[in-house]
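**Student:** What follows is entry_27.pdb, made up of PDB, C-alpha atoms:
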```pdb
ATOM      1  CA  MET A 846      -2.775 -21.637  -2.523
ATOM      2  CA  GLN A 847      -0.546 -23.441  -4.950
ATOM      3  CA  ASP A 848      -0.165 -26.914  -6.334
ATOM      4  CA  ASP A 849       2.554 -28.661  -8.309
ATOM      5  CA  TRP A 850       1.536 -30.697 -11.326
ATOM      6  CA  ARG A 851       4.049 -33.104 -12.872
ATOM      7  CA  TRP A 852       3.117 -32.851 -16.529
ATOM      8  CA  ARG A 853       6.004 -35.010 -17.758
ATOM      9  CA  SER A 854       8.844 -36.811 -16.029
ATOM     10  CA  ASN A 855      11.110 -33.807 -16.675
ATOM     11  CA  LEU A 856       8.583 -30.936 -16.436
ATOM     12  CA  THR A 857       6.708 -29.745 -13.377
ATOM     13  CA  LEU A 858       4.226 -26.873 -13.452
ATOM     14  CA  ASN A 859       3.360 -24.800 -10.401
ATOM     15  CA  LEU A 860      -0.108 -23.278 -10.561
ATOM     16  CA  GLY A 861      -1.518 -21.053  -7.865
ATOM     17  CA  LEU A 862      -3.838 -18.306  -6.781
ATOM     18  CA  ARG A 863      -2.696 -15.512  -4.480
ATOM     19  CA  TYR A 864      -4.998 -13.527  -2.161
ATOM     20  CA  GLU A 865      -3.708 -10.268  -0.755
ATOM     21  CA  MET A 866      -5.796  -7.609   0.942
ATOM     22  CA  ALA A 867      -5.452  -4.663   3.303
ATOM     23  CA  THR A 868      -7.832  -3.554   6.016
ATOM     24  CA  ILE A 869      -9.480  -0.142   6.138
ATOM     25  CA  PRO A 870      -7.579   2.296   8.395
ATOM     26  CA  THR A 871      -9.179   3.144  11.740
ATOM     27  CA  GLU A 872      -8.421   5.563  14.546
ATOM     28  CA  THR A 873      -9.150   4.822  18.211
ATOM     29  CA  SER A 874     -10.727   8.214  18.945
ATOM     30  CA  GLY A 875     -12.711   8.406  15.688
ATOM     31  CA  LYS A 876     -10.752  11.445  14.513
ATOM     32  CA  LEU A 877     -10.738  10.612  10.846
ATOM     33  CA  ALA A 878     -11.441  13.104   8.082
ATOM     34  CA  ASN A 879     -11.617  12.348   4.406
ATOM     35  CA  LEU A 880     -12.923  13.953   1.229
ATOM     36  CA  ARG A 881     -14.975  11.156  -0.278
ATOM     37  CA  ASN A 882     -15.471  13.125  -3.497
ATOM     38  CA  LEU A 883     -13.429  16.036  -4.814
ATOM     39  CA  THR A 884     -16.630  18.048  -5.140
ATOM     40  CA  ASP A 885     -17.580  17.694  -1.452
ATOM     41  CA  ALA A 886     -17.807  21.040   0.359
ATOM     42  CA  THR A 887     -16.652  19.585   3.681
ATOM     43  CA  PRO A 888     -14.757  16.442   4.674
ATOM     44  CA  HIS A 889     -16.502  13.345   5.997
ATOM     45  CA  LEU A 890     -15.735  13.111   9.714
ATOM     46  CA  GLY A 891     -15.378   9.819  11.559
ATOM     47  CA  GLU A 892     -15.216   6.239  10.417
ATOM     48  CA  PRO A 893     -15.086   4.552   8.013
ATOM     49  CA  PHE A 894     -12.137   6.250   6.338
ATOM     50  CA  PHE A 895     -13.539   5.200   2.975
ATOM     51  CA  THR A 896     -16.519   3.102   1.987
ATOM     52  CA  GLY A 897     -16.015  -0.412   0.738
ATOM     53  CA  ASN A 898     -12.704  -2.193   0.574
ATOM     54  CA  PRO A 899     -11.370  -2.397  -2.982
ATOM     55  CA  THR A 900      -8.639  -4.820  -1.898
ATOM     56  CA  SER A 901     -11.039  -7.509  -0.651
ATOM     57  CA  LYS A 902     -11.227  -9.048  -4.140
ATOM     58  CA  ASN A 903      -7.484  -9.203  -4.840
ATOM     59  CA  PHE A 904      -7.171 -12.746  -6.195
ATOM     60  CA  GLU A 905      -4.274 -13.027  -8.630
ATOM     61  CA  PRO A 906      -2.778 -15.974 -10.576
ATOM     62  CA  ARG A 907       0.713 -17.439 -10.201
ATOM     63  CA  ILE A 908       2.465 -19.854 -12.513
ATOM     64  CA  GLY A 909       5.879 -21.462 -12.489
ATOM     65  CA  PHE A 910       7.812 -24.338 -13.967
ATOM     66  CA  ALA A 911      10.829 -26.576 -13.410
ATOM     67  CA  TRP A 912      12.273 -28.318 -16.481
ATOM     68  CA  ASP A 913      15.092 -30.840 -16.702
ATOM     69  CA  PRO A 914      15.994 -30.685 -20.429
ATOM     70  CA  PHE A 915      18.458 -33.619 -20.372
ATOM     71  CA  ARG A 916      16.390 -35.795 -17.995
ATOM     72  CA  ASN A 917      19.442 -36.550 -15.851
ATOM     73  CA  GLY A 918      18.750 -34.394 -12.764
ATOM     74  CA  ARG A 919      21.929 -32.321 -13.194
ATOM     75  CA  LEU A 920      20.417 -29.222 -14.839
ATOM     76  CA  ALA A 921      17.143 -27.541 -14.042
ATOM     77  CA  LEU A 922      15.644 -24.488 -15.698
ATOM     78  CA  ARG A 923      13.136 -22.754 -13.470
ATOM     79  CA  GLY A 924      10.892 -19.775 -13.946
ATOM     80  CA  GLY A 925       7.741 -18.229 -12.686
ATOM     81  CA  ALA A 926       5.475 -15.219 -12.774
ATOM     82  CA  GLY A 927       2.627 -13.783 -10.821
ATOM     83  CA  LEU A 928       0.449 -10.725 -10.599
ATOM     84  CA  PHE A 929       0.813  -8.703  -7.422
ATOM     85  CA  ASP A 930      -1.425  -5.877  -6.307
ATOM     86  CA  VAL A 931      -0.135  -2.545  -5.079
ATOM     87  CA  LEU A 932      -1.674  -2.288  -1.636
ATOM     88  CA  PRO A 933      -2.061   0.945   0.301
ATOM     89  CA  LEU A 934       0.591   0.847   3.010
ATOM     90  CA  PRO A 935       0.122   2.351   6.486
ATOM     91  CA  TYR A 936       2.686   5.109   5.919
ATOM     92  CA  GLN A 937       0.543   6.446   3.073
ATOM     93  CA  PHE A 938      -2.197   7.318   5.561
ATOM     94  CA  ILE A 939      -0.065   8.855   8.330
ATOM     95  CA  LEU A 940      -0.287  12.468   7.154
ATOM     96  CA  LEU A 941      -3.837  12.054   5.925
ATOM     97  CA  VAL A 942      -5.079  10.744   9.253
ATOM     98  CA  THR A 943      -2.879  12.519  11.805
ATOM     99  CA  GLN A 944      -2.929  15.950  10.153
ATOM    100  CA  ALA A 945      -6.460  16.116   8.778
ATOM    101  CA  ALA A 946      -8.702  19.155   9.189
ATOM    102  CA  PRO A 947     -10.633  19.978  11.347
ATOM    103  CA  PHE A 948      -8.578  18.002  13.877
ATOM    104  CA  PHE A 949      -5.261  19.591  12.920
ATOM    105  CA  GLU A 950      -4.377  23.063  11.669
ATOM    106  CA  TYR A 951      -1.147  24.937  11.238
ATOM    107  CA  THR A 952      -0.249  28.431  10.148
ATOM    108  CA  VAL A 953       2.845  29.959   8.594
ATOM    109  CA  LEU A 954       3.773  33.408   9.860
ATOM    110  CA  LYS A 955       5.752  35.660   7.574
ATOM    111  CA  ASN A 956       7.586  38.732   8.870
ATOM    112  CA  ASP A 957       6.714  37.969  12.478
ATOM    113  CA  PRO A 958       7.722  41.036  14.537
ATOM    114  CA  HIS A 959       8.188  38.820  17.603
ATOM    115  CA  ALA A 960      10.653  36.464  15.925
ATOM    116  CA  LEU A 961      14.158  36.503  17.333
ATOM    117  CA  ALA A 962      16.659  38.599  15.428
ATOM    118  CA  PRO A 963      19.769  36.776  14.167
ATOM    119  CA  PRO A 964      22.902  37.140  16.340
ATOM    120  CA  VAL A 965      25.123  40.123  15.626
ATOM    121  CA  GLY A 966      27.702  39.388  12.947
ATOM    122  CA  HIS A 967      25.690  36.598  11.283
ATOM    123  CA  ALA A 968      23.754  36.803   8.058
ATOM    124  CA  ALA A 969      20.010  36.311   8.259
TER     125      ALA A 969
END
```
Mind turning this structure into structure tokens?
**Tutor:**
Amino acid sequence: MQDDWRWRSNLTLNLGLRYEMATIPTETSGKLANLRNLTDATPHLGEPFFTGNPTSKNFEPRIGFAWDPFRNGRLALRGGAGLFDVLPLPYQFILLVTQAAPFFEYTVLKNDPHALAPPVGHAA
């Protein structure tokens, strides 16, 4: 929300409050895994992905101004500032959710005897 307040005939202030939040990630099959604490022996399985929503209280101020220094309407100096929160974006959870143990595992094989040999005349 924001409101403009004409403080003088040549100065207007814009005062506001910004609310910005993100929802907690979910997964339709309940295949979520998360270490709630670094000391946990096993991951927490299922929803919620994390407890509480730290972004639900993201109220931040905004302020701006418009000033006509010569009071003739031909020149205006404008400025503004606001605080903005860094929200967790969906792409930050893609690997965490889609490739989380125990629902996803992968292995790297080194020196696999069944791997195809490189073609003759080419370096490996």
**Student:** Report the residues retrieved by the PyMOL selection byres ((chain A and resi 872-886) around 9) from the displayed file, expressed as a PyMOL selection string.
**Tutor:** chain A and resi 870-871+887-896+941-943+945-948
**Student:** Neighbouring residues of range 865-868 of chain A were defined as those with any atom within 10 Å, considering only C-alpha atoms; residues of the same chain fewer than 3 positions away were excluded. Please report them as a ChimeraX atom specification.
**Tutor:** /A:871,898-905,929-935
**Student:** Can you measure CA of Arg907 in chain A to CA of Leu860 in chain A for me? One decimal in Å is fine.
**Tutor:**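 Going from CA of Arg907 in chain A over to CA of Leu860 in chain A, I get 5.9 Å.
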**Student:** Could you tell me how far CA of Asn855 in chain A lies from CA of Leu928 in chain A, in Å and to one decimal?
**Tutor:**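 It comes out at 26.1 Å.
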**Student:** Contacts of Gly909 in chain A at 9 Å or less, counting all atoms listed in the file, minus same-chain residues fewer than 4 places along, as a PyMOL selection string?
**Tutor:** chain A and resi 849+857-861+923-927
**Student:** Interatomic distance between CA of Ala911 in chain A and CA of Arg853 in chain A?
**Tutor:**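 These two atoms are separated by 10.6 Å.
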**Student:** Produce the centre coordinates and the three edge lengths, each in Å to one decimal, of the box along x, y and z that contains all listed atoms of range 889-902 of chain A with 3 Å added on each side, as JSON.
**Tutor:**
```
{"center_x": -12.6, "center_y": 2.1, "center_z": 3.7, "size_x": 13.9, "size_y": 28.4, "size_z": 21.7}
```
**Student:** With all atoms listed in the file as the basis for distance, which of A:Gln944, A:Arg919, A:Trp912, A:Leu954 is at the shortest distance from Trp852 in chain A?
**Tutor:**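 Using all atoms listed in the file, Trp852 in chain A sits closest to A:Trp912.
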**Student:** Could you add N, CA and C atoms to range 851-884 of chain A and give me the result as a PDB file, in the frame of the given file?
**Tutor:**
```
ATOM      1  N   ARG A 851       2.991 -32.495 -12.062  1.00  0.00           N
ATOM      2  CA  ARG A 851       4.049 -33.104 -12.872  1.00  0.00           C
ATOM      3  C   ARG A 851       3.432 -33.476 -14.216  1.00  0.00           C
ATOM      4  N   TRP A 852       3.719 -32.652 -15.219  1.00  0.00           N
ATOM      5  CA  TRP A 852       3.117 -32.851 -16.529  1.00  0.00           C
ATOM      6  C   TRP A 852       3.843 -33.943 -17.301  1.00  0.00           C
ATOM      7  N   ARG A 853       5.165 -33.961 -17.178  1.00  0.00           N
ATOM      8  CA  ARG A 853       6.004 -35.010 -17.758  1.00  0.00           C
ATOM      9  C   ARG A 853       7.045 -35.389 -16.718  1.00  0.00           C
ATOM     10  N   SER A 854       7.838 -36.393 -17.009  1.00  0.00           N
ATOM     11  CA  SER A 854       8.844 -36.811 -16.029  1.00  0.00           C
ATOM     12  C   SER A 854       9.911 -35.745 -15.823  1.00  0.00           C
ATOM     13  N   ASN A 855      10.083 -34.848 -16.791  1.00  0.00           N
ATOM     14  CA  ASN A 855      11.110 -33.807 -16.675  1.00  0.00           C
ATOM     15  C   ASN A 855      10.522 -32.395 -16.624  1.00  0.00           C
ATOM     16  N   LEU A 856       9.216 -32.253 -16.460  1.00  0.00           N
ATOM     17  CA  LEU A 856       8.583 -30.936 -16.436  1.00  0.00           C
ATOM     18  C   LEU A 856       7.508 -30.885 -15.357  1.00  0.00           C
ATOM     19  N   THR A 857       7.693 -29.963 -14.439  1.00  0.00           N
ATOM     20  CA  THR A 857       6.708 -29.745 -13.377  1.00  0.00           C
ATOM     21  C   THR A 857       6.176 -28.329 -13.495  1.00  0.00           C
ATOM     22  N   LEU A 858       4.868 -28.186 -13.432  1.00  0.00           N
ATOM     23  CA  LEU A 858       4.226 -26.873 -13.452  1.00  0.00           C
ATOM     24  C   LEU A 858       3.728 -26.546 -12.053  1.00  0.00           C
ATOM     25  N   ASN A 859       3.880 -25.306 -11.669  1.00  0.00           N
ATOM     26  CA  ASN A 859       3.360 -24.800 -10.401  1.00  0.00           C
ATOM     27  C   ASN A 859       2.232 -23.834 -10.743  1.00  0.00           C
ATOM     28  N   LEU A 860       1.045 -24.133 -10.289  1.00  0.00           N
ATOM     29  CA  LEU A 860      -0.108 -23.278 -10.561  1.00  0.00           C
ATOM     30  C   LEU A 860      -0.685 -22.820  -9.226  1.00  0.00           C
ATOM     31  N   GLY A 861      -1.010 -21.539  -9.138  1.00  0.00           N
ATOM     32  CA  GLY A 861      -1.518 -21.053  -7.865  1.00  0.00           C
ATOM     33  C   GLY A 861      -2.386 -19.829  -7.998  1.00  0.00           C
ATOM     34  N   LEU A 862      -2.985 -19.477  -6.884  1.00  0.00           N
ATOM     35  CA  LEU A 862      -3.838 -18.306  -6.781  1.00  0.00           C
ATOM     36  C   LEU A 862      -3.457 -17.584  -5.497  1.00  0.00           C
ATOM     37  N   ARG A 863      -3.149 -16.317  -5.619  1.00  0.00           N
ATOM     38  CA  ARG A 863      -2.696 -15.512  -4.480  1.00  0.00           C
ATOM     39  C   ARG A 863      -3.819 -14.585  -4.053  1.00  0.00           C
ATOM     40  N   TYR A 864      -4.016 -14.461  -2.723  1.00  0.00           N
ATOM     41  CA  TYR A 864      -4.998 -13.527  -2.161  1.00  0.00           C
ATOM     42  C   TYR A 864      -4.264 -12.563  -1.256  1.00  0.00           C
ATOM     43  N   GLU A 865      -4.402 -11.281  -1.539  1.00  0.00           N
ATOM     44  CA  GLU A 865      -3.708 -10.268  -0.755  1.00  0.00           C
ATOM     45  C   GLU A 865      -4.641  -9.079  -0.575  1.00  0.00           C
ATOM     46  N   MET A 866      -4.907  -8.735   0.670  1.00  0.00           N
ATOM     47  CA  MET A 866      -5.796  -7.609   0.942  1.00  0.00           C
ATOM     48  C   MET A 866      -5.261  -6.769   2.089  1.00  0.00           C
ATOM     49  N   ALA A 867      -5.799  -5.573   2.207  1.00  0.00           N
ATOM     50  CA  ALA A 867      -5.452  -4.663   3.303  1.00  0.00           C
ATOM     51  C   ALA A 867      -6.741  -4.253   3.994  1.00  0.00           C
ATOM     52  N   THR A 868      -6.644  -3.985   5.281  1.00  0.00           N
ATOM     53  CA  THR A 868      -7.832  -3.554   6.016  1.00  0.00           C
ATOM     54  C   THR A 868      -8.000  -2.042   5.900  1.00  0.00           C
ATOM     55  N   ILE A 869      -9.195  -1.574   6.187  1.00  0.00           N
ATOM     56  CA  ILE A 869      -9.480  -0.142   6.138  1.00  0.00           C
ATOM     57  C   ILE A 869      -8.891   0.513   7.383  1.00  0.00           C
ATOM     58  N   PRO A 870      -8.170   1.631   7.236  1.00  0.00           N
ATOM     59  CA  PRO A 870      -7.579   2.296   8.395  1.00  0.00           C
ATOM     60  C   PRO A 870      -8.638   2.754   9.392  1.00  0.00           C
ATOM     61  N   THR A 871      -8.299   2.672  10.672  1.00  0.00           N
ATOM     62  CA  THR A 871      -9.179   3.144  11.740  1.00  0.00           C
ATOM     63  C   THR A 871      -8.368   4.018  12.685  1.00  0.00           C
ATOM     64  N   GLU A 872      -9.071   4.718  13.554  1.00  0.00           N
ATOM     65  CA  GLU A 872      -8.421   5.563  14.546  1.00  0.00           C
ATOM     66  C   GLU A 872      -9.187   5.400  15.841  1.00  0.00           C
ATOM     67  N   THR A 873      -8.489   5.195  16.951  1.00  0.00           N
ATOM     68  CA  THR A 873      -9.150   4.822  18.211  1.00  0.00           C
ATOM     69  C   THR A 873     -10.101   5.888  18.734  1.00  0.00           C
ATOM     70  N   SER A 874      -9.851   7.154  18.446  1.00  0.00           N
ATOM     71  CA  SER A 874     -10.727   8.214  18.945  1.00  0.00           C
ATOM     72  C   SER A 874     -11.736   8.669  17.898  1.00  0.00           C
ATOM     73  N   GLY A 875     -11.758   8.025  16.745  1.00  0.00           N
ATOM     74  CA  GLY A 875     -12.711   8.406  15.688  1.00  0.00           C
ATOM     75  C   GLY A 875     -12.366   9.705  14.994  1.00  0.00           C
ATOM     76  N   LYS A 876     -11.146  10.175  15.123  1.00  0.00           N
ATOM     77  CA  LYS A 876     -10.752  11.445  14.513  1.00  0.00           C
ATOM     78  C   LYS A 876     -10.213  11.215  13.113  1.00  0.00           C
ATOM     79  N   LEU A 877     -11.096  10.793  12.246  1.00  0.00           N
ATOM     80  CA  LEU A 877     -10.738  10.612  10.846  1.00  0.00           C
ATOM     81  C   LEU A 877     -11.472  11.654  10.018  1.00  0.00           C
ATOM     82  N   ALA A 878     -10.823  12.156   8.998  1.00  0.00           N
ATOM     83  CA  ALA A 878     -11.441  13.104   8.082  1.00  0.00           C
ATOM     84  C   ALA A 878     -10.990  12.742   6.676  1.00  0.00           C
ATOM     85  N   ASN A 879     -11.936  12.771   5.759  1.00  0.00           N
ATOM     86  CA  ASN A 879     -11.617  12.348   4.406  1.00  0.00           C
ATOM     87  C   ASN A 879     -12.579  13.015   3.431  1.00  0.00           C
ATOM     88  N   LEU A 880     -12.062  13.492   2.312  1.00  0.00           N
ATOM     89  CA  LEU A 880     -12.923  13.953   1.229  1.00  0.00           C
ATOM     90  C   LEU A 880     -13.288  12.728   0.406  1.00  0.00           C
ATOM     91  N   ARG A 881     -14.536  12.336   0.471  1.00  0.00           N
ATOM     92  CA  ARG A 881     -14.975  11.156  -0.278  1.00  0.00           C
ATOM     93  C   ARG A 881     -15.025  11.464  -1.776  1.00  0.00           C
ATOM     94  N   ASN A 882     -15.422  12.674  -2.108  1.00  0.00           N
ATOM     95  CA  ASN A 882     -15.471  13.125  -3.497  1.00  0.00           C
ATOM     96  C   ASN A 882     -14.779  14.482  -3.579  1.00  0.00           C
ATOM     97  N   LEU A 883     -14.110  14.755  -4.667  1.00  0.00           N
ATOM     98  CA  LEU A 883     -13.429  16.036  -4.814  1.00  0.00           C
ATOM     99  C   LEU A 883     -14.386  17.210  -4.816  1.00  0.00           C
ATOM    100  N   THR A 884     -15.649  16.970  -5.099  1.00  0.00           N
ATOM    101  CA  THR A 884     -16.630  18.048  -5.140  1.00  0.00           C
ATOM    102  C   THR A 884     -17.303  18.287  -3.796  1.00  0.00           C
TER     103      THR A 884
END
```
